[in-house]
>>> print(open('run14.txt').read())   # compact mmCIF, C-alpha atoms
# COMPACT_ATOMS: atom_id res chain seq x y z
CA MET C 1 103.28 89.48 64.23
CA ALA C 2 100.84 89.51 61.32
CA ASN C 3 97.23 88.43 61.67
CA GLN C 4 95.57 86.50 58.86
CA ILE C 5 92.49 88.34 57.58
CA ASP C 6 90.51 85.12 57.12
CA LYS C 7 90.99 84.34 60.84
CA PHE C 8 91.01 87.88 62.25
CA PRO C 9 89.05 90.17 59.88
CA VAL C 10 90.17 93.78 59.56
CA PRO C 11 86.85 95.16 60.88
CA LEU C 12 87.67 93.59 64.27
CA ILE C 13 90.88 95.58 64.64
CA LEU C 14 89.16 98.72 63.33
CA LYS C 15 86.49 98.27 66.01
CA LYS C 16 89.19 97.89 68.68
CA ILE C 17 91.09 100.96 67.41
CA LEU C 18 87.92 103.04 67.69
CA LYS C 19 86.73 101.56 71.01
CA ASP C 20 90.11 101.86 72.76
CA ASN C 21 91.04 105.24 71.18
CA LEU C 22 94.27 103.75 69.87
CA LYS C 23 96.96 105.58 67.97
CA GLY C 24 99.21 103.98 65.45
CA GLU C 25 99.40 102.52 61.97
CA LEU C 26 97.38 99.65 60.52
CA ILE C 27 99.21 97.92 57.68
CA VAL C 28 97.31 95.48 55.50
CA ASN C 29 99.11 93.32 52.95
CA GLY C 30 97.43 91.28 50.26
CA LYS C 31 98.59 89.36 47.25
CA ASN C 32 99.13 92.47 45.12
CA PHE C 33 98.72 95.41 47.49
CA THR C 34 99.66 97.17 50.68
CA LYS C 35 97.34 99.60 52.44
CA HIS C 36 98.12 101.81 55.42
CA ALA C 37 95.74 103.59 57.78
CA TYR C 38 97.00 106.07 60.36
CA PHE C 39 95.05 106.67 63.59
CA ALA C 40 95.13 109.03 66.57
CA LYS C 41 92.69 108.70 69.48
CA GLY C 42 90.83 106.05 67.51
CA GLU C 43 90.15 108.36 64.57
CA LEU C 44 91.42 107.92 61.04
CA LEU C 45 93.99 110.56 60.11
CA PHE C 46 95.02 109.34 56.69
CA ALA C 47 95.09 106.23 54.49
CA THR C 48 97.27 105.16 51.59
CA SER C 49 97.23 102.31 49.11
CA ASP C 50 99.40 101.09 46.28
CA CYS C 51 96.40 99.62 44.42
CA GLU C 52 96.00 101.05 40.93
CA GLU C 53 92.25 101.66 41.43
CA ASP C 54 92.97 103.69 44.60
CA ARG C 55 95.20 106.17 42.79
CA LEU C 56 93.89 109.70 42.50
CA GLY C 57 94.11 109.75 38.70
CA GLU C 58 92.21 106.48 38.38
CA MET C 59 89.54 107.81 40.71
CA PHE C 60 89.23 110.98 38.62
CA CYS C 61 88.86 108.92 35.44
CA SER C 62 86.23 106.64 36.93
CA LYS C 63 84.25 109.67 38.15
CA GLY C 64 84.54 111.36 34.74
CA ARG C 65 86.47 114.32 36.17
CA ILE C 66 89.26 113.84 33.62
CA THR C 67 89.57 111.83 30.43
CA ARG C 68 91.85 108.82 30.06
CA GLU C 69 94.00 110.90 27.68
CA GLN C 70 94.35 113.66 30.30
CA TYR C 71 95.23 111.05 32.91
CA LEU C 72 97.96 109.54 30.72
CA MET C 73 99.35 113.00 29.94
CA LEU C 74 99.41 113.87 33.65
CA ARG C 75 101.16 110.59 34.49
CA LYS C 76 103.88 111.37 31.97
CA MET C 77 104.25 114.88 33.40
CA ARG C 78 104.43 113.47 36.93
CA GLU C 79 107.08 110.92 35.95
CA ALA C 80 109.14 113.68 34.30
CA GLY C 81 109.08 115.97 37.36
CA ASP C 82 108.60 116.12 41.09
CA ASP C 83 105.07 117.54 41.15
CA LYS C 84 102.36 115.46 42.73
CA PHE C 85 99.31 114.53 40.69
CA GLY C 86 97.03 116.94 42.54
CA LYS C 87 99.42 119.85 42.05
CA LEU C 88 99.47 119.17 38.31
CA LEU C 89 95.66 119.09 38.23
CA THR C 90 95.43 122.52 39.84
CA ARG C 91 98.31 124.01 37.86
CA LEU C 92 96.65 122.96 34.60
CA LYS C 93 93.33 124.30 35.93
CA LEU C 94 91.60 120.95 35.59
CA LEU C 95 90.25 121.64 39.08
CA ASP C 96 90.73 124.18 41.85
CA LYS C 97 92.36 123.62 45.23
CA GLN C 98 89.03 123.27 47.05
CA ASP C 99 87.92 120.53 44.65
CA LEU C 100 91.30 118.84 45.01
CA PHE C 101 91.04 118.83 48.81
CA LYS C 102 87.53 117.34 48.60
CA GLU C 103 88.72 114.66 46.18
CA LEU C 104 91.74 113.83 48.35
CA SER C 105 89.44 113.49 51.36
CA ASP C 106 87.15 111.22 49.34
CA GLN C 107 90.18 109.16 48.28
CA VAL C 108 91.17 108.59 51.91
CA LYS C 109 87.59 107.59 52.78
CA GLU C 110 87.38 105.17 49.86
CA ILE C 111 90.69 103.54 50.78
CA ALA C 112 89.57 103.22 54.41
CA LEU C 113 86.22 101.72 53.39
CA SER C 114 87.98 99.20 51.15
CA PHE C 115 89.48 97.61 54.29
CA PHE C 116 86.03 96.18 55.06
CA ASP C 117 85.95 94.22 51.78
CA LEU C 118 89.24 92.40 52.32
CA THR C 119 88.94 88.63 52.70
CA SER C 120 92.54 87.50 52.38
CA GLY C 121 96.01 88.71 53.28
CA ASN C 122 97.29 89.84 56.65
CA TRP C 123 97.37 92.87 58.86
CA VAL C 124 99.49 94.28 61.65
CA PHE C 125 98.82 97.23 63.94
CA LYS C 126 101.84 99.22 65.11
CA SER C 127 100.95 101.19 68.24
CA GLY C 128 102.45 104.59 68.81
CA THR C 129 102.37 108.03 67.33
CA PRO C 130 101.50 107.54 63.67
CA ARG C 131 104.11 108.84 61.28
CA VAL C 132 102.30 109.88 58.15
CA PRO C 133 104.99 110.38 55.53
CA GLY C 134 105.57 114.12 55.01
CA ASN C 135 104.96 113.97 51.28
CA LEU C 136 101.45 112.57 51.92
CA LYS C 137 100.13 115.15 54.36
CA PHE C 138 97.49 117.63 53.24
CA ASN C 139 98.93 121.13 52.74
>>> encode(input="run14.txt", output="structure tokens")
Amino acid sequence: MANQIDKFPVPLILKKILKDNLKGELIVNGKNFTKHAYFAKGELLFATSDCEEDRLGEMFCSKGRITREQYLMLRKMREAGDDKFGKLLTRLKLLDKQDLFKELSDQVKEIALSFFDLTSGNWVFKSGTPRVPGNLKFN
């Protein structure tokens, strides 16, 4: 059963997850987005979002790490093949693997922090061993 954010704010469930050392997946749906946070023993393992501003390329553009033209070129390359955005960045030497890992970690943190700003939508917490999709895990 989904909980309305305006009645049961996301920070309350995050506090419970931490306090009770819960494991599972928090799914938050809004008008134009879905965000997932995966937990084990109350600690955040990973977070994903389908919001445009949460995408790695958008984050790189906003930080000035790549230009808008580079971002658009990388998007076309990604759409034409199976490589993930980060792999393309390292292959084209726009950043090294250490920088990519740091940026991916920052992306997860920013997505997780964005949960605190949500004022509408709904959330559900699915208890159990979180199943982070294989294609999203750090390698």
>>> closest_residue(input="run14.txt", among="C:Thr48, C:Gln70, C:Ser105, C:Ser120", to="Asn3 of chain C", atoms="only C-alpha atoms")
C:Ser120
>>> atom_distance(input="run14.txt", atom1="atom CA of Arg65 of chain C", atom2="atom CA of Lys102 of chain C")
12.8 Å
>>> residues_around(input="run14.txt", residues="Leu113 of chain C", least_positions_apart="6", cutoff="12 Å", atoms="all atoms listed in the file", output="list in words")
Val10, Pro11, Leu14, Lys35, Ala37, Leu44, Ala47, Thr48, Ser49, Asp54, Asp106 and Gln107 of chain C
>>> closest_residue(input="run14.txt", among="C:Arg68, C:Arg91, C:Lys15, C:Arg55", to="Glu103 of chain C", atoms="all atoms listed in the file")
C:Arg55
>>> residues_near_point(input="run14.txt", point="(100.2, 101.8, 65.5)", cutoff="6 Å", atoms="all atoms listed in the file", output="ChimeraX atom specification")
/C:23-25,125-128
>>> residues_near_point(input="run14.txt", point="(91.3, 86.5, 45.0)", cutoff="12 Å", atoms="all atoms listed in the file", output="list in words")
Gly30, Lys31, Asn32, Phe33, Asp117, Leu118, Thr119, Ser120 and Gly121 of chain C
>>> write_last_selection(input="run14.txt", atoms="C-alpha atoms", output="PDB file, in the coordinates of the input")
ATOM      1  CA  GLY C  30      97.430  91.280  50.260  1.00  0.00           C
ATOM      2  CA  LYS C  31      98.590  89.360  47.250  1.00  0.00           C
ATOM      3  CA  ASN C  32      99.130  92.470  45.120  1.00  0.00           C
ATOM      4  CA  PHE C  33      98.720  95.410  47.490  1.00  0.00           C
ATOM      5  CA  ASP C 117      85.950  94.220  51.780  1.00  0.00           C
ATOM      6  CA  LEU C 118      89.240  92.400  52.320  1.00  0.00           C
ATOM      7  CA  THR C 119      88.940  88.630  52.700  1.00  0.00           C
ATOM      8  CA  SER C 120      92.540  87.500  52.380  1.00  0.00           C
ATOM      9  CA  GLY C 121      96.010  88.710  53.280  1.00  0.00           C
TER      10      GLY C 121
END
>>> closest_residue(input="run14.txt", among="C:Lys7, C:Lys16, C:His36, C:Lys97", to="Ile111 of chain C", atoms="all atoms listed in the file")
C:His36
>>> residues_around(input="run14.txt", residues="Gly86 of chain C", least_positions_apart="3", cutoff="9 Å", atoms="all atoms listed in the file", output="VMD selection string")
chain C and resid 56 to 57 83 89 to 91 95 97 100 to 101 104
>>> residues_around(input="run14.txt", residues="Ala2 of chain C", least_positions_apart="6", cutoff="7 Å", atoms="all atoms listed in the file", output="NGL selection string")
:C and (122-124)
>>> closest_residue(input="run14.txt", among="C:Ile66, C:Met77, C:Ile5, C:Phe116", to="Lys93 of chain C", atoms="all atoms listed in the file")
C:Ile66
>>> atom_distance(input="run14.txt", atom1="atom CA of Leu45 of chain C", atom2="atom CA of Leu92 of chain C")
28.5 Å
>>> atom_distance(input="run14.txt", atom1="atom CA of Asp20 of chain C", atom2="atom CA of Cys51 of chain C")
29.1 Å
>>> closest_residue(input="run14.txt", among="C:Phe46, C:Phe8, C:Phe85, C:Tyr38", to="Glu58 of chain C", atoms="only C-alpha atoms")
C:Phe85
>>> decode(input="run14.txt", residues="segment 97-120 of chain C", atoms="N, CA, C and O atoms", output="PDB file, in the first residue's frame")
ATOM      1  N   LYS C  97      38.688   6.512 -14.431  1.00  0.00           N
ATOM      2  CA  LYS C  97      37.780   5.653 -13.673  1.00  0.00           C
ATOM      3  C   LYS C  97      37.598   6.118 -12.234  1.00  0.00           C
ATOM      4  O   LYS C  97      36.511   5.996 -11.682  1.00  0.00           O
ATOM      5  N   GLN C  98      38.645   6.658 -11.624  1.00  0.00           N
ATOM      6  CA  GLN C  98      38.525   7.148 -10.252  1.00  0.00           C
ATOM      7  C   GLN C  98      37.562   8.327 -10.186  1.00  0.00           C
ATOM      8  O   GLN C  98      36.729   8.413  -9.284  1.00  0.00           O
ATOM      9  N   ASP C  99      37.684   9.245 -11.142  1.00  0.00           N
ATOM     10  CA  ASP C  99      36.758  10.386 -11.183  1.00  0.00           C
ATOM     11  C   ASP C  99      35.336   9.914 -11.444  1.00  0.00           C
ATOM     12  O   ASP C  99      34.395  10.432 -10.861  1.00  0.00           O
ATOM     13  N   LEU C 100      35.183   8.926 -12.313  1.00  0.00           N
ATOM     14  CA  LEU C 100      33.854   8.393 -12.607  1.00  0.00           C
ATOM     15  C   LEU C 100      33.236   7.792 -11.350  1.00  0.00           C
ATOM     16  O   LEU C 100      32.071   8.057 -11.040  1.00  0.00           O
ATOM     17  N   PHE C 101      34.000   7.010 -10.603  1.00  0.00           N
ATOM     18  CA  PHE C 101      33.478   6.402  -9.383  1.00  0.00           C
ATOM     19  C   PHE C 101      33.045   7.478  -8.394  1.00  0.00           C
ATOM     20  O   PHE C 101      31.971   7.384  -7.786  1.00  0.00           O
ATOM     21  N   LYS C 102      33.863   8.523  -8.253  1.00  0.00           N
ATOM     22  CA  LYS C 102      33.506   9.624  -7.345  1.00  0.00           C
ATOM     23  C   LYS C 102      32.213  10.293  -7.804  1.00  0.00           C
ATOM     24  O   LYS C 102      31.324  10.570  -7.001  1.00  0.00           O
ATOM     25  N   GLU C 103      32.094  10.538  -9.098  1.00  0.00           N
ATOM     26  CA  GLU C 103      30.897  11.191  -9.625  1.00  0.00           C
ATOM     27  C   GLU C 103      29.663  10.296  -9.472  1.00  0.00           C
ATOM     28  O   GLU C 103      28.572  10.790  -9.164  1.00  0.00           O
ATOM     29  N   LEU C 104      29.815   8.999  -9.679  1.00  0.00           N
ATOM     30  CA  LEU C 104      28.691   8.083  -9.487  1.00  0.00           C
ATOM     31  C   LEU C 104      28.257   8.064  -8.015  1.00  0.00           C
ATOM     32  O   LEU C 104      27.063   8.040  -7.713  1.00  0.00           O
ATOM     33  N   SER C 105      29.225   8.087  -7.123  1.00  0.00           N
ATOM     34  CA  SER C 105      28.906   8.145  -5.691  1.00  0.00           C
ATOM     35  C   SER C 105      28.172   9.430  -5.357  1.00  0.00           C
ATOM     36  O   SER C 105      27.191   9.424  -4.602  1.00  0.00           O
ATOM     37  N   ASP C 106      28.641  10.538  -5.926  1.00  0.00           N
ATOM     38  CA  ASP C 106      27.972  11.827  -5.711  1.00  0.00           C
ATOM     39  C   ASP C 106      26.554  11.806  -6.274  1.00  0.00           C
ATOM     40  O   ASP C 106      25.631  12.360  -5.671  1.00  0.00           O
ATOM     41  N   GLN C 107      26.370  11.150  -7.417  1.00  0.00           N
ATOM     42  CA  GLN C 107      25.045  11.051  -8.024  1.00  0.00           C
ATOM     43  C   GLN C 107      24.080  10.325  -7.084  1.00  0.00           C
ATOM     44  O   GLN C 107      22.961  10.779  -6.862  1.00  0.00           O
ATOM     45  N   VAL C 108      24.528   9.229  -6.511  1.00  0.00           N
ATOM     46  CA  VAL C 108      23.688   8.465  -5.583  1.00  0.00           C
ATOM     47  C   VAL C 108      23.324   9.334  -4.377  1.00  0.00           C
ATOM     48  O   VAL C 108      22.166   9.378  -3.946  1.00  0.00           O
ATOM     49  N   LYS C 109      24.312  10.054  -3.847  1.00  0.00           N
ATOM     50  CA  LYS C 109      24.057  10.932  -2.693  1.00  0.00           C
ATOM     51  C   LYS C 109      23.044  12.018  -3.040  1.00  0.00           C
ATOM     52  O   LYS C 109      22.138  12.304  -2.260  1.00  0.00           O
ATOM     53  N   GLU C 110      23.207  12.631  -4.214  1.00  0.00           N
ATOM     54  CA  GLU C 110      22.290  13.700  -4.615  1.00  0.00           C
ATOM     55  C   GLU C 110      20.866  13.178  -4.807  1.00  0.00           C
ATOM     56  O   GLU C 110      19.899  13.836  -4.426  1.00  0.00           O
ATOM     57  N   ILE C 111      20.736  11.994  -5.389  1.00  0.00           N
ATOM     58  CA  ILE C 111      19.404  11.407  -5.545  1.00  0.00           C
ATOM     59  C   ILE C 111      18.803  11.140  -4.163  1.00  0.00           C
ATOM     60  O   ILE C 111      17.644  11.469  -3.903  1.00  0.00           O
ATOM     61  N   ALA C 112      19.586  10.548  -3.275  1.00  0.00           N
ATOM     62  CA  ALA C 112      19.092  10.249  -1.925  1.00  0.00           C
ATOM     63  C   ALA C 112      18.688  11.526  -1.196  1.00  0.00           C
ATOM     64  O   ALA C 112      17.635  11.571  -0.539  1.00  0.00           O
ATOM     65  N   LEU C 113      19.485  12.573  -1.304  1.00  0.00           N
ATOM     66  CA  LEU C 113      19.150  13.835  -0.637  1.00  0.00           C
ATOM     67  C   LEU C 113      17.888  14.471  -1.211  1.00  0.00           C
ATOM     68  O   LEU C 113      17.144  15.141  -0.491  1.00  0.00           O
ATOM     69  N   SER C 114      17.631  14.224  -2.490  1.00  0.00           N
ATOM     70  CA  SER C 114      16.447  14.819  -3.113  1.00  0.00           C
ATOM     71  C   SER C 114      15.150  14.273  -2.516  1.00  0.00           C
ATOM     72  O   SER C 114      14.107  14.909  -2.616  1.00  0.00           O
ATOM     73  N   PHE C 115      15.214  13.117  -1.861  1.00  0.00           N
ATOM     74  CA  PHE C 115      14.029  12.551  -1.224  1.00  0.00           C
ATOM     75  C   PHE C 115      13.483  13.494  -0.146  1.00  0.00           C
ATOM     76  O   PHE C 115      12.293  13.520   0.116  1.00  0.00           O
ATOM     77  N   PHE C 116      14.374  14.250   0.487  1.00  0.00           N
ATOM     78  CA  PHE C 116      13.959  15.147   1.570  1.00  0.00           C
ATOM     79  C   PHE C 116      13.163  16.351   1.068  1.00  0.00           C
ATOM     80  O   PHE C 116      12.452  16.979   1.840  1.00  0.00           O
ATOM     81  N   ASP C 117      13.297  16.685  -0.203  1.00  0.00           N
ATOM     82  CA  ASP C 117      12.612  17.844  -0.776  1.00  0.00           C
ATOM     83  C   ASP C 117      11.227  17.524  -1.325  1.00  0.00           C
ATOM     84  O   ASP C 117      10.492  18.424  -1.722  1.00  0.00           O
ATOM     85  N   LEU C 118      10.864  16.260  -1.361  1.00  0.00           N
ATOM     86  CA  LEU C 118       9.601  15.862  -1.981  1.00  0.00           C
ATOM     87  C   LEU C 118       8.408  16.252  -1.106  1.00  0.00           C
ATOM     88  O   LEU C 118       8.399  15.984   0.093  1.00  0.00           O
ATOM     89  N   THR C 119       7.419  16.880  -1.735  1.00  0.00           N
ATOM     90  CA  THR C 119       6.227  17.311  -0.996  1.00  0.00           C
ATOM     91  C   THR C 119       4.943  16.689  -1.516  1.00  0.00           C
ATOM     92  O   THR C 119       3.889  16.864  -0.912  1.00  0.00           O
ATOM     93  N   SER C 120       5.030  15.976  -2.634  1.00  0.00           N
ATOM     94  CA  SER C 120       3.843  15.324  -3.170  1.00  0.00           C
ATOM     95  C   SER C 120       4.241  14.002  -3.809  1.00  0.00           C
ATOM     96  O   SER C 120       5.410  13.759  -4.071  1.00  0.00           O
TER      97      SER C 120
END
